[in-house]
$ cat run19.cif   # mmCIF, C-alpha atoms and all ligand atoms
data_input
#
loop_
_atom_site.label_atom_id
_atom_site.label_comp_id
_atom_site.auth_asym_id
_atom_site.auth_seq_id
_atom_site.Cartn_x
_atom_site.Cartn_y
_atom_site.Cartn_z
CA MET Z 86 -61.44 -48.30 -22.52
CA ARG Z 87 -64.59 -48.48 -20.39
CA THR Z 88 -66.67 -46.00 -18.40
CA GLN Z 89 -70.20 -45.99 -16.98
CA VAL Z 90 -71.62 -43.00 -18.87
CA VAL Z 91 -70.23 -41.43 -22.06
CA ILE Z 92 -71.35 -37.82 -22.40
CA ILE Z 93 -71.22 -36.46 -25.94
CA GLY Z 94 -70.92 -32.67 -25.77
CA SER Z 95 -69.13 -30.32 -23.40
CA GLY Z 96 -71.70 -27.53 -23.34
CA PRO Z 97 -73.64 -26.66 -20.18
CA SER Z 98 -75.75 -29.86 -20.24
CA GLY Z 99 -72.84 -32.25 -20.71
CA LEU Z 100 -70.65 -30.53 -18.12
CA LEU Z 101 -73.42 -30.20 -15.53
CA LEU Z 102 -74.41 -33.85 -15.90
CA GLY Z 103 -70.75 -34.89 -15.74
CA GLN Z 104 -70.16 -32.93 -12.55
CA LEU Z 105 -73.24 -34.38 -10.79
CA LEU Z 106 -72.26 -37.92 -11.83
CA THR Z 107 -68.66 -37.48 -10.71
CA LEU Z 108 -69.80 -36.19 -7.30
CA ALA Z 109 -72.09 -39.25 -6.99
CA GLY Z 110 -69.18 -41.57 -7.75
CA ILE Z 111 -70.43 -42.51 -11.24
CA ASP Z 112 -67.60 -42.76 -13.75
CA ASN Z 113 -68.07 -40.67 -16.89
CA LEU Z 114 -66.21 -39.31 -19.89
CA VAL Z 115 -66.99 -36.11 -21.81
CA LEU Z 116 -66.24 -35.97 -25.56
CA ASP Z 117 -66.51 -32.82 -27.67
CA ARG Z 118 -65.60 -32.19 -31.28
CA ALA Z 119 -64.66 -28.57 -30.54
CA SER Z 120 -61.71 -27.19 -28.57
CA LYS Z 121 -62.10 -25.74 -25.08
CA ASP Z 122 -61.28 -22.25 -26.38
CA HIS Z 123 -63.88 -22.52 -29.12
CA ILE Z 124 -66.57 -23.52 -26.60
CA LEU Z 125 -65.61 -20.67 -24.27
CA GLY Z 126 -65.71 -18.22 -27.17
CA ARG Z 127 -69.44 -18.77 -27.78
CA VAL Z 128 -71.72 -16.05 -26.42
CA ARG Z 129 -75.19 -17.33 -25.62
CA ALA Z 130 -77.65 -17.24 -22.75
CA GLY Z 131 -77.59 -14.87 -19.80
CA VAL Z 132 -80.62 -15.50 -17.55
CA LEU Z 133 -80.56 -18.31 -14.96
CA GLU Z 134 -83.70 -19.58 -13.23
CA GLU Z 135 -83.49 -20.47 -9.53
CA GLY Z 136 -83.64 -24.17 -10.45
CA THR Z 137 -80.53 -23.80 -12.62
CA VAL Z 138 -78.77 -21.92 -9.82
CA ARG Z 139 -79.71 -24.74 -7.41
CA LEU Z 140 -78.30 -27.35 -9.78
CA MET Z 141 -75.02 -25.41 -10.11
CA ASP Z 142 -74.83 -25.47 -6.30
CA GLU Z 143 -75.57 -29.20 -6.25
CA ALA Z 144 -72.71 -29.58 -8.73
CA GLN Z 145 -70.55 -27.63 -6.23
CA SER Z 146 -69.74 -25.17 -8.99
CA GLY Z 147 -71.79 -22.14 -7.90
CA ALA Z 148 -69.34 -20.03 -5.88
CA ARG Z 149 -68.31 -17.55 -8.61
CA MET Z 150 -71.88 -17.45 -9.96
CA HIS Z 151 -73.13 -16.26 -6.54
CA ALA Z 152 -70.27 -13.76 -6.17
CA GLU Z 153 -70.52 -12.22 -9.65
CA GLY Z 154 -74.09 -12.94 -10.86
CA LEU Z 155 -76.64 -10.12 -10.70
CA PRO Z 156 -79.99 -11.02 -9.06
CA HIS Z 157 -82.91 -9.41 -10.94
CA ASP Z 158 -86.33 -8.92 -9.34
CA GLY Z 159 -88.10 -7.74 -12.48
CA PHE Z 160 -87.84 -6.57 -16.08
CA SER Z 161 -89.55 -4.05 -18.34
CA LEU Z 162 -91.87 -4.50 -21.28
CA ALA Z 163 -91.51 -1.35 -23.38
CA PHE Z 164 -94.12 -0.36 -25.94
CA ASP Z 165 -96.02 2.78 -26.94
CA GLY Z 166 -93.06 4.84 -25.76
CA ARG Z 167 -93.43 3.64 -22.16
CA ASP Z 168 -92.03 1.06 -19.75
CA HIS Z 169 -94.29 -1.44 -17.99
CA ARG Z 170 -92.44 -3.22 -15.21
CA ILE Z 171 -93.05 -6.89 -14.53
CA ASP Z 172 -92.36 -7.33 -10.83
CA LEU Z 173 -91.11 -10.92 -10.88
CA HIS Z 174 -90.38 -10.95 -7.16
CA GLY Z 175 -93.77 -9.58 -6.08
CA LEU Z 176 -95.78 -11.62 -8.58
CA THR Z 177 -94.16 -14.97 -7.75
CA GLY Z 178 -94.01 -14.72 -3.96
CA GLY Z 179 -90.30 -13.96 -3.76
CA LYS Z 180 -88.64 -15.57 -6.77
CA ARG Z 181 -86.02 -13.89 -8.96
CA VAL Z 182 -83.59 -14.71 -11.77
CA LEU Z 183 -79.82 -14.41 -11.85
CA ILE Z 184 -77.93 -12.72 -14.69
CA TYR Z 185 -74.80 -14.78 -15.30
CA GLY Z 186 -73.45 -15.55 -18.76
CA GLN Z 187 -73.48 -19.08 -20.17
CA THR Z 188 -69.80 -18.63 -21.04
CA GLU Z 189 -68.94 -18.06 -17.36
CA LEU Z 190 -71.11 -20.96 -16.20
CA THR Z 191 -69.39 -23.22 -18.74
CA ARG Z 192 -65.95 -22.04 -17.61
CA ASP Z 193 -66.82 -22.75 -13.94
CA LEU Z 194 -68.01 -26.27 -14.80
CA MET Z 195 -64.91 -26.96 -16.92
CA ASP Z 196 -62.63 -25.76 -14.09
CA HIS Z 197 -64.39 -27.94 -11.53
CA ARG Z 198 -64.27 -30.95 -13.84
CA GLU Z 199 -60.55 -30.48 -14.26
CA GLN Z 200 -60.07 -30.21 -10.49
CA SER Z 201 -62.09 -33.39 -9.93
CA GLY Z 202 -59.77 -35.30 -12.25
CA ALA Z 203 -62.63 -36.53 -14.48
CA SER Z 204 -61.62 -36.99 -18.13
CA SER Z 205 -62.65 -34.85 -21.07
CA ILE Z 206 -61.52 -35.26 -24.65
CA TYR Z 207 -61.71 -32.17 -26.83
CA GLU Z 208 -61.30 -32.01 -30.61
CA ALA Z 209 -62.60 -35.58 -30.89
CA GLY Z 210 -63.43 -36.28 -34.54
CA ASN Z 211 -66.22 -38.38 -35.97
CA VAL Z 212 -67.83 -39.16 -32.60
CA LYS Z 213 -70.40 -41.93 -33.01
CA PRO Z 214 -72.79 -43.61 -30.57
CA ASN Z 215 -73.13 -47.34 -31.39
CA ASP Z 216 -75.40 -50.22 -30.36
CA PHE Z 217 -77.40 -48.13 -27.89
CA ASP Z 218 -80.43 -50.28 -28.62
CA GLY Z 219 -78.67 -53.33 -27.18
CA HIS Z 220 -77.04 -54.07 -23.84
CA ARG Z 221 -73.48 -53.12 -24.76
CA PRO Z 222 -73.41 -49.61 -26.19
CA TYR Z 223 -70.09 -48.01 -27.14
CA VAL Z 224 -68.89 -44.74 -28.57
CA THR Z 225 -66.15 -44.38 -31.17
CA TYR Z 226 -64.16 -41.25 -32.02
CA GLU Z 227 -61.00 -40.25 -33.84
CA LYS Z 228 -58.10 -38.34 -32.37
CA ASP Z 229 -54.70 -37.70 -33.94
CA GLY Z 230 -55.44 -40.16 -36.73
CA VAL Z 231 -56.35 -43.02 -34.35
CA THR Z 232 -59.86 -44.47 -33.85
CA HIS Z 233 -60.80 -45.08 -30.21
CA ARG Z 234 -63.62 -47.13 -28.70
CA ILE Z 235 -65.22 -46.55 -25.29
CA ASP Z 236 -67.58 -49.18 -23.91
CA CYS Z 237 -70.22 -47.95 -21.50
CA ASP Z 238 -73.59 -48.56 -19.83
CA PHE Z 239 -75.30 -45.41 -21.12
CA ILE Z 240 -74.75 -42.59 -23.61
CA ALA Z 241 -75.91 -39.03 -22.86
CA GLY Z 242 -76.38 -37.05 -26.08
CA CYS Z 243 -75.62 -33.50 -24.86
CA ASP Z 244 -74.29 -32.40 -28.25
CA GLY Z 245 -76.62 -29.55 -29.16
CA PHE Z 246 -79.00 -29.08 -32.08
CA HIS Z 247 -76.40 -29.96 -34.76
CA GLY Z 248 -74.91 -32.91 -32.86
CA VAL Z 249 -74.59 -36.53 -33.89
CA SER Z 250 -76.71 -38.17 -31.16
CA ARG Z 251 -80.19 -37.30 -32.42
CA LYS Z 252 -79.09 -38.03 -36.00
CA SER Z 253 -77.98 -41.54 -34.97
CA VAL Z 254 -81.54 -42.52 -34.09
CA PRO Z 255 -83.44 -44.26 -36.92
CA GLU Z 256 -85.96 -41.84 -38.43
CA ARG Z 257 -88.91 -44.12 -37.76
CA ALA Z 258 -88.17 -44.07 -34.01
CA ILE Z 259 -88.27 -40.29 -33.60
CA ARG Z 260 -90.83 -37.56 -34.24
CA ALA Z 261 -89.85 -33.92 -34.71
CA PHE Z 262 -92.02 -30.84 -34.20
CA GLU Z 263 -90.68 -27.62 -35.64
CA LYS Z 264 -91.51 -23.97 -36.19
CA VAL Z 265 -89.12 -21.58 -37.90
CA TYR Z 266 -89.70 -17.85 -37.36
CA PRO Z 267 -89.35 -15.40 -40.25
CA PHE Z 268 -86.65 -13.28 -38.55
CA GLY Z 269 -83.46 -13.50 -36.50
CA TRP Z 270 -81.72 -11.61 -33.71
CA LEU Z 271 -78.68 -9.47 -34.36
CA GLY Z 272 -76.77 -9.32 -31.06
CA ILE Z 273 -73.75 -7.39 -29.82
CA LEU Z 274 -71.59 -7.35 -26.72
CA ALA Z 275 -69.88 -4.13 -25.67
CA ASP Z 276 -68.05 -2.94 -22.59
CA VAL Z 277 -70.46 -0.11 -21.82
CA PRO Z 278 -72.80 0.21 -18.80
CA PRO Z 279 -76.31 -1.20 -19.44
CA VAL Z 280 -79.09 1.25 -20.28
CA ASP Z 281 -81.07 0.20 -17.20
CA HIS Z 282 -80.46 -1.89 -14.07
CA GLU Z 283 -83.06 -4.43 -15.33
CA LEU Z 284 -83.67 -6.04 -18.74
CA VAL Z 285 -85.85 -4.16 -21.24
CA TYR Z 286 -87.90 -6.14 -23.82
CA ALA Z 287 -89.18 -3.65 -26.43
CA ASN Z 288 -91.98 -4.09 -28.94
CA HIS Z 289 -91.68 -1.37 -31.60
CA PRO Z 290 -93.07 -0.85 -35.12
CA ARG Z 291 -89.48 -1.17 -36.43
CA GLY Z 292 -89.09 -4.54 -34.68
CA PHE Z 293 -88.20 -6.12 -31.34
CA ALA Z 294 -85.22 -4.99 -29.25
CA LEU Z 295 -83.75 -6.37 -26.03
CA CYS Z 296 -81.42 -4.62 -23.61
CA SER Z 297 -79.59 -7.18 -21.50
CA MET Z 298 -76.25 -7.30 -19.73
CA ARG Z 299 -73.45 -9.51 -18.49
CA SER Z 300 -72.30 -7.19 -15.69
CA LEU Z 301 -72.63 -3.56 -14.62
CA THR Z 302 -70.01 -2.65 -17.20
CA ARG Z 303 -70.83 -5.08 -20.03
CA SER Z 304 -74.03 -4.82 -22.11
CA ARG Z 305 -75.69 -7.39 -24.36
CA TYR Z 306 -78.12 -5.88 -26.87
CA TYR Z 307 -80.27 -7.54 -29.53
CA ILE Z 308 -82.46 -6.28 -32.35
CA GLN Z 309 -84.85 -8.27 -34.52
CA CYS Z 310 -83.59 -8.45 -38.13
CA PRO Z 311 -84.64 -10.12 -41.40
CA LEU Z 312 -83.29 -13.64 -41.91
CA ASP Z 313 -81.19 -12.64 -44.91
CA GLU Z 314 -79.49 -9.73 -43.11
CA LYS Z 315 -75.70 -9.58 -43.62
CA LEU Z 316 -73.46 -8.90 -40.61
CA ALA Z 317 -71.12 -6.91 -42.85
CA ASP Z 318 -73.90 -4.35 -43.37
CA TRP Z 319 -74.07 -3.58 -39.66
CA ASP Z 320 -71.25 -1.45 -38.37
CA ASP Z 321 -71.53 -0.43 -34.72
CA GLU Z 322 -72.92 2.98 -35.52
CA ARG Z 323 -75.82 1.54 -37.50
CA PHE Z 324 -76.57 -0.91 -34.68
CA TRP Z 325 -76.61 1.79 -31.98
CA ASP Z 326 -78.85 4.04 -34.11
CA GLU Z 327 -81.34 1.25 -34.76
CA LEU Z 328 -81.38 0.17 -31.11
CA ARG Z 329 -82.09 3.73 -29.95
CA ARG Z 330 -84.94 4.11 -32.43
CA ARG Z 331 -86.71 1.05 -30.99
CA LEU Z 332 -86.51 2.12 -27.32
CA PRO Z 333 -88.68 4.60 -25.40
CA ALA Z 334 -87.01 8.06 -25.34
CA HIS Z 335 -85.92 7.87 -21.68
CA HIS Z 336 -83.94 4.67 -22.44
CA ALA Z 337 -82.70 5.82 -25.86
CA GLU Z 338 -81.14 8.90 -24.24
CA ARG Z 339 -79.26 6.69 -21.80
CA VAL Z 340 -77.71 4.28 -24.30
CA VAL Z 341 -73.94 4.46 -23.83
CA THR Z 342 -72.24 3.47 -27.07
CA GLY Z 343 -68.81 1.99 -27.59
CA PRO Z 344 -67.02 -0.52 -29.82
CA SER Z 345 -68.66 -3.95 -29.88
CA PHE Z 346 -66.38 -6.97 -29.45
CA GLU Z 347 -68.91 -9.59 -30.56
CA LYS Z 348 -71.61 -9.37 -33.18
CA SER Z 349 -73.67 -12.25 -34.55
CA ILE Z 350 -77.02 -13.15 -36.07
CA ALA Z 351 -79.05 -16.06 -34.66
CA PRO Z 352 -82.10 -17.51 -36.41
CA LEU Z 353 -85.15 -18.18 -34.21
CA ARG Z 354 -86.64 -21.67 -34.09
CA SER Z 355 -88.86 -23.89 -31.93
CA PHE Z 356 -88.04 -27.61 -32.20
CA VAL Z 357 -88.84 -30.67 -30.12
CA ALA Z 358 -87.80 -34.29 -30.77
CA GLU Z 359 -89.86 -37.04 -29.14
CA PRO Z 360 -89.07 -39.22 -27.31
CA MET Z 361 -85.86 -38.17 -25.56
CA ARG Z 362 -84.74 -41.74 -24.77
CA PHE Z 363 -83.75 -44.57 -27.12
CA ASN Z 364 -82.99 -47.46 -24.80
CA ARG Z 365 -79.43 -46.64 -23.64
CA LEU Z 366 -79.14 -43.28 -25.43
CA PHE Z 367 -80.64 -40.18 -23.80
CA LEU Z 368 -81.01 -36.80 -25.53
CA VAL Z 369 -80.41 -33.80 -23.27
CA GLY Z 370 -80.74 -30.01 -23.81
CA ASP Z 371 -80.46 -28.53 -27.30
CA ALA Z 372 -79.89 -32.02 -28.76
CA ALA Z 373 -83.59 -32.64 -28.10
CA HIS Z 374 -85.17 -29.18 -28.23
CA ILE Z 375 -84.63 -25.58 -29.27
CA VAL Z 376 -86.60 -22.51 -28.22
CA PRO Z 377 -86.38 -18.94 -29.51
CA PRO Z 378 -84.37 -16.93 -26.94
CA THR Z 379 -87.20 -14.47 -26.17
CA GLY Z 380 -88.23 -16.36 -23.02
CA ALA Z 381 -84.59 -16.99 -21.91
CA LYS Z 382 -85.36 -20.69 -21.55
CA GLY Z 383 -82.80 -22.67 -23.64
CA LEU Z 384 -80.09 -23.08 -21.03
CA ASN Z 385 -82.61 -23.50 -18.23
CA LEU Z 386 -84.34 -26.36 -20.05
CA ALA Z 387 -80.97 -28.05 -20.50
CA ALA Z 388 -80.58 -27.83 -16.71
CA SER Z 389 -83.96 -29.43 -15.95
CA ASP Z 390 -83.24 -32.28 -18.40
CA VAL Z 391 -79.94 -32.87 -16.61
CA HIS Z 392 -81.74 -32.95 -13.26
CA TYR Z 393 -84.20 -35.65 -14.44
CA LEU Z 394 -81.50 -37.74 -16.13
CA PHE Z 395 -79.12 -37.50 -13.20
CA GLU Z 396 -81.88 -38.67 -10.83
CA GLY Z 397 -82.57 -41.63 -13.13
CA LEU Z 398 -78.90 -42.62 -13.43
CA HIS Z 399 -78.31 -42.20 -9.71
CA GLU Z 400 -81.29 -44.44 -8.90
CA HIS Z 401 -80.05 -47.00 -11.42
CA TYR Z 402 -76.60 -47.28 -9.85
CA GLN Z 403 -77.58 -46.72 -6.21
CA ASP Z 404 -80.92 -48.52 -5.89
CA ARG Z 405 -80.78 -50.82 -8.94
CA SER Z 406 -84.08 -49.29 -10.05
CA ASN Z 407 -84.77 -48.15 -13.60
CA ALA Z 408 -87.91 -46.23 -12.66
CA GLY Z 409 -86.21 -42.84 -13.03
CA LEU Z 410 -84.64 -43.72 -16.38
CA ASP Z 411 -87.97 -45.05 -17.65
CA ALA Z 412 -89.68 -41.82 -16.58
CA TYR Z 413 -86.96 -39.52 -18.04
CA SER Z 414 -88.45 -38.73 -21.43
CA GLY Z 415 -91.98 -38.13 -20.14
CA ARG Z 416 -90.88 -35.94 -17.23
CA ALA Z 417 -88.50 -33.88 -19.34
CA LEU Z 418 -90.94 -33.41 -22.22
CA GLY Z 419 -93.71 -32.29 -19.86
CA ARG Z 420 -91.57 -29.36 -18.79
CA VAL Z 421 -90.09 -28.79 -22.27
CA TRP Z 422 -93.46 -28.26 -23.96
CA LYS Z 423 -94.50 -25.67 -21.38
CA ALA Z 424 -91.30 -23.72 -22.04
CA VAL Z 425 -91.77 -24.13 -25.80
CA ARG Z 426 -95.26 -22.68 -25.44
CA PHE Z 427 -94.03 -19.80 -23.28
CA SER Z 428 -91.13 -18.97 -25.63
CA TRP Z 429 -93.42 -19.06 -28.68
CA TRP Z 430 -95.92 -16.81 -26.90
CA MET Z 431 -93.29 -14.23 -25.82
CA THR Z 432 -91.87 -14.26 -29.35
CA THR Z 433 -95.29 -13.79 -30.95
CA MET Z 434 -96.20 -10.98 -28.57
CA LEU Z 435 -92.99 -8.98 -28.89
CA HIS Z 436 -91.89 -9.25 -32.55
CA ARG Z 437 -93.15 -7.72 -35.77
CA PHE Z 438 -93.99 -10.46 -38.26
CA PRO Z 439 -93.51 -9.65 -41.96
CA GLU Z 440 -97.07 -10.60 -42.86
CA THR Z 441 -98.98 -9.17 -39.93
CA SER Z 442 -102.54 -8.14 -40.78
CA ASP Z 443 -104.25 -5.21 -39.09
CA PHE Z 444 -106.22 -7.76 -37.11
CA ASP Z 445 -103.04 -9.53 -35.89
CA GLN Z 446 -101.57 -6.18 -34.91
CA LYS Z 447 -104.63 -5.26 -32.84
CA ILE Z 448 -104.53 -8.65 -31.10
CA GLN Z 449 -100.87 -8.10 -30.21
CA GLU Z 450 -101.66 -4.67 -28.77
CA ALA Z 451 -104.59 -6.09 -26.77
CA GLU Z 452 -102.33 -8.84 -25.40
CA LEU Z 453 -99.76 -6.30 -24.18
CA ASP Z 454 -102.47 -4.07 -22.73
CA TYR Z 455 -104.03 -7.03 -20.90
CA LEU Z 456 -100.70 -8.18 -19.57
CA THR Z 457 -99.82 -4.80 -18.17
CA HIS Z 458 -103.24 -4.14 -16.61
CA SER Z 459 -104.20 -7.54 -15.22
CA ARG Z 460 -102.37 -8.94 -12.22
CA ALA Z 461 -103.54 -12.44 -13.14
CA ALA Z 462 -102.02 -12.16 -16.62
CA ALA Z 463 -98.79 -10.67 -15.29
CA MET Z 464 -98.57 -13.48 -12.70
CA ALA Z 465 -98.76 -16.11 -15.43
CA LEU Z 466 -95.94 -14.38 -17.32
CA ALA Z 467 -93.82 -14.05 -14.17
CA GLU Z 468 -94.41 -17.67 -13.10
CA ASN Z 469 -93.11 -18.91 -16.45
CA TYR Z 470 -90.24 -16.42 -16.72
CA VAL Z 471 -88.74 -17.35 -13.33
CA GLY Z 472 -89.17 -21.00 -14.35
CA LEU Z 473 -91.72 -23.71 -13.62
CA PRO Z 474 -90.61 -26.02 -10.80
CA PHE Z 475 -88.55 -29.18 -11.30
P1 LIG Z 501 -74.60 -26.68 -26.58
O1 LIG Z 501 -74.26 -25.52 -25.70
O2 LIG Z 501 -74.89 -26.43 -27.99
O3 LIG Z 501 -73.40 -27.71 -26.44
C1 LIG Z 501 -73.29 -28.83 -27.29
C2 LIG Z 501 -71.85 -29.27 -27.36
O4 LIG Z 501 -71.78 -30.43 -28.18
C3 LIG Z 501 -70.69 -30.33 -29.05
N1 LIG Z 501 -70.93 -31.15 -30.25
C4 LIG Z 501 -70.34 -32.32 -30.49
N2 LIG Z 501 -69.43 -33.04 -29.81
C5 LIG Z 501 -69.02 -34.20 -30.34
N3 LIG Z 501 -69.46 -34.68 -31.55
C6 LIG Z 501 -70.37 -33.99 -32.27
N4 LIG Z 501 -70.81 -34.46 -33.44
C7 LIG Z 501 -70.85 -32.76 -31.75
N5 LIG Z 501 -71.75 -31.84 -32.18
C8 LIG Z 501 -71.78 -30.88 -31.26
C9 LIG Z 501 -70.56 -28.85 -29.35
O5 LIG Z 501 -69.24 -28.51 -29.74
C10 LIG Z 501 -70.95 -28.24 -28.01
O6 LIG Z 501 -69.82 -27.97 -27.21
O7 LIG Z 501 -75.86 -27.49 -25.98
P2 LIG Z 501 -76.36 -27.68 -24.46
O8 LIG Z 501 -75.24 -28.08 -23.57
O9 LIG Z 501 -77.56 -28.53 -24.54
O10 LIG Z 501 -76.76 -26.23 -23.94
C11 LIG Z 501 -77.87 -25.57 -24.44
C12 LIG Z 501 -77.60 -24.07 -24.50
O11 LIG Z 501 -76.34 -23.82 -25.08
C13 LIG Z 501 -78.67 -23.37 -25.32
O12 LIG Z 501 -79.96 -23.82 -24.96
C14 LIG Z 501 -78.68 -21.86 -25.18
O13 LIG Z 501 -77.44 -21.28 -25.37
C15 LIG Z 501 -79.66 -21.33 -26.21
N6 LIG Z 501 -79.45 -19.94 -26.46
C16 LIG Z 501 -79.94 -19.08 -25.55
N7 LIG Z 501 -80.62 -19.55 -24.46
C17 LIG Z 501 -81.08 -18.71 -23.54
O14 LIG Z 501 -81.66 -19.17 -22.54
N8 LIG Z 501 -80.90 -17.34 -23.70
C18 LIG Z 501 -80.20 -16.83 -24.79
O15 LIG Z 501 -80.02 -15.64 -24.90
C19 LIG Z 501 -79.70 -17.69 -25.76
N9 LIG Z 501 -79.02 -17.23 -26.83
C20 LIG Z 501 -78.74 -19.50 -27.59
C21 LIG Z 501 -78.52 -18.12 -27.76
C22 LIG Z 501 -78.25 -20.40 -28.55
C23 LIG Z 501 -77.56 -19.95 -29.67
N10 LIG Z 501 -77.13 -20.94 -30.64
C24 LIG Z 501 -77.43 -22.34 -30.45
C25 LIG Z 501 -76.47 -20.72 -31.82
C26 LIG Z 501 -77.81 -17.66 -28.85
C27 LIG Z 501 -77.32 -18.56 -29.83
C28 LIG Z 501 -76.57 -17.97 -30.96
C1 LIG Z 502 -79.07 -12.43 -22.93
O1 LIG Z 502 -78.64 -11.73 -22.01
O2 LIG Z 502 -78.33 -12.92 -23.78
C2 LIG Z 502 -80.53 -12.70 -22.98
C3 LIG Z 502 -81.34 -12.30 -21.96
C4 LIG Z 502 -82.71 -12.55 -22.03
C5 LIG Z 502 -83.24 -13.18 -23.12
C6 LIG Z 502 -82.42 -13.60 -24.16
C7 LIG Z 502 -81.05 -13.35 -24.10
O3 LIG Z 502 -84.57 -13.41 -23.18
#
$ encode --input "run19.cif" --output "structure tokens" --more "lines below"
Ligand code: RFL
Ligand code: PHB
Amino acid sequence: MRTQVVIIGSGPSGLLLGQLLTLAGIDNLVLDRASKDHILGRVRAGVLEEGTVRLMDEAQSGARMHAEGLPHDGFSLAFDGRDHRIDLHGLTGGKRVLIYGQTELTRDLMDHREQSGASSIYEAGNVKPNDFDGHRPYVTYEKDGVTHRIDCDFIAGCDGFHGVSRKSVPERAIRAFEKVYPFGWLGILADVPPVDHELVYANHPRGFALCSMRSLTRSRYYIQCPLDEKLADWDDERFWDELRRRLPAHHAERVVTGPSFEKSIAPLRSFVAEPMRFNRLFLVGDAAHIVPPTGAKGLNLAASDVHYLFEGLHEHYQDRSNAGLDAYSGRALGRVWKAVRFSWWMTTMLHRFPETSDFDQKIQEAELDYLTHSRAAAMALAENYVGLPF
């Protein structure tokens, strides 16, 4: 079998790239080792930048997102028992973010792919990119005991942090930059109304907490926890108590509790692999970089990578120019590192680190004080939070 672009991974980056390629008349195939249901069962990001929203529209998959997503003009930083609102809309000259779950975005892209007739293969075993350094790359995979081979022009590695694409690159050709944080996030989903109409990011002596949402009746809450924390030790009651303790009183009083239907612990990590192109193999999204979720950037970075790669592929097939493909890694990494910096900075400012000295603590307090009393500082935060342009 032959196609123009094999996309490894059916997460948001693979599906978004696939949809843009299909609409441009470029033949592509999506391969994923997981099942559709497994992918749609993962609860992850919730905040979309305007650039991501624009790309969903370009992919003609944005109708439900516009109907059901919640536009947010600001969020709160809570510390010292008080809220300090960051007016995203006012500080950025009219920009906002959209609250719409990654699960829903993925479902919309899967539905549109199915309608377009483009092929996807789920539960593909032992997927392997081959010969991407030469002119005739191909991808092999196993399904129902049979090994298949797909010849192609290019391979897009959209297979997340634990995928096979990055691991297929010889070690000497790739450089990794990594920072692991000494804590994780314990998150729950519950069908209860959110504590506030906007997100609340709380810095508290007991640790960070975040009040987010998926809709006006579904809340997503997170609390910072030690890395070795066991999920089994956290029944709902303990979670609600701890969340309330970390919020200012006026929010704590308004927490509506109820049974959670999802609970998980995610470690926090910053990671970047350079470069993001190896001749005919391109790394996209989490396959190339990971950010801690504090800045809500992971999914949005996947979208900007897709934008740059799609432009390059489109130019290649339409204009017979490789300029866009040659520029891909540099353009993507320029934006990636700024989001890595922003996510690291938000994480450092809002969490309690196990080995914080009195000096570090005072610096953190000064940072928050500066941010909430200087329009220039708040503008820099807002500019990054709504997303740098691409
Ligand atoms: P994904 O979504 O991980 O999709 C990769 C796909 O590749 C498949 N795959 C393979 N297929 C074939 N062969 C293999 N060997 C394969 N290995 C993997 C997987 O089954 C999967 O379907 O990567 P993508 O598309 O680049 O999208 C990136 C986003 O998912 C990610 O950046 C965000 O979800 C990160 N993230 C968050 N970002 C935010 O902006 N806000 C958040 O609140 C937030 N929370 C999270 C997160 C990521 C988490 N992870 C990775 C565990 C919470 C968690 C728990
Ligand atoms: C979420 O709703 O899951 C979410 C929102 C904002 C973040 C991280 C996660 O910074």
$ closest_residue --input "run19.cif" --among "Z:Leu162, Z:Ala408, Z:Met361, Z:Met141" --to "ligand LIG 502 (chain Z)" --atoms "only C-alpha atoms and all ligand atoms"
Z:Leu162
$ closest_atom_pairs --input "run19.cif" --of "chain Z" --to "ligand LIG 502 (chain Z)" --cutoff "7 Å" --atoms "all atoms listed in the file" --output "Markdown table"
| residue | atom | partner | partner_atom | distance |
| --- | --- | --- | --- | --- |
| Z:Arg129 | CA | Z:LIG502 | O2 | 5.7 |
| Z:Ala130 | CA | Z:LIG502 | O2 | 4.5 |
| Z:Gly131 | CA | Z:LIG502 | O1 | 4.0 |
| Z:Val132 | CA | Z:LIG502 | C3 | 5.5 |
| Z:Ser297 | CA | Z:LIG502 | O1 | 4.7 |
| Z:Met298 | CA | Z:LIG502 | O1 | 5.5 |
| Z:Arg299 | CA | Z:LIG502 | O1 | 6.7 |
| Z:Arg305 | CA | Z:LIG502 | O1 | 5.7 |
| Z:Pro378 | CA | Z:LIG502 | C6 | 4.8 |
| Z:Thr379 | CA | Z:LIG502 | O3 | 4.1 |
| Z:Gly380 | CA | Z:LIG502 | O3 | 4.7 |
| Z:Ala381 | CA | Z:LIG502 | O3 | 3.8 |
$ atom_distance --input "run19.cif" --atom1 "atom CA of Leu106 of chain Z" --atom2 "atom CA of Arg87 of chain Z"
15.6 Å
$ closest_residue --input "run19.cif" --among "Z:Gly202, Z:Pro222, Z:Pro156, Z:Pro311" --to "Arg181 of chain Z" --atoms "only C-alpha atoms"
Z:Pro156
$ residues_near_point --input "run19.cif" --point "(-87.5, -41.6, -21.2)" --cutoff "10 Å" --atoms "only C-alpha atoms" --output "list in words"
Glu359, Pro360, Met361, Arg362, Phe363, Asn364, Arg365, Leu366, Phe367, Leu368, Tyr393, Leu394, Gly397, Ala408, Gly409, Leu410, Asp411, Ala412, Tyr413, Ser414, Gly415, Arg416, Ala417 and Leu418 of chain Z
$ closest_residue --input "run19.cif" --among "Z:His392, Z:His151, Z:His220, Z:His399" --to "Phe475 of chain Z" --atoms "only C-alpha atoms"
Z:His392
$ residues_around --input "run19.cif" --residues "Lys228 of chain Z" --least-positions-apart "2" --cutoff "8 Å" --atoms "only C-alpha atoms" --output "list of chain:residue names"
Z:Glu208, Z:Ala209, Z:Gly210, Z:Tyr226, Z:Gly230, Z:Val231, Z:Thr232, Z:His233
$ closest_residue --input "run19.cif" --among "Z:Gln200, Z:Ser459, Z:Gln104, Z:Thr177" --to "Gly159 of chain Z" --atoms "only C-alpha atoms"
Z:Thr177
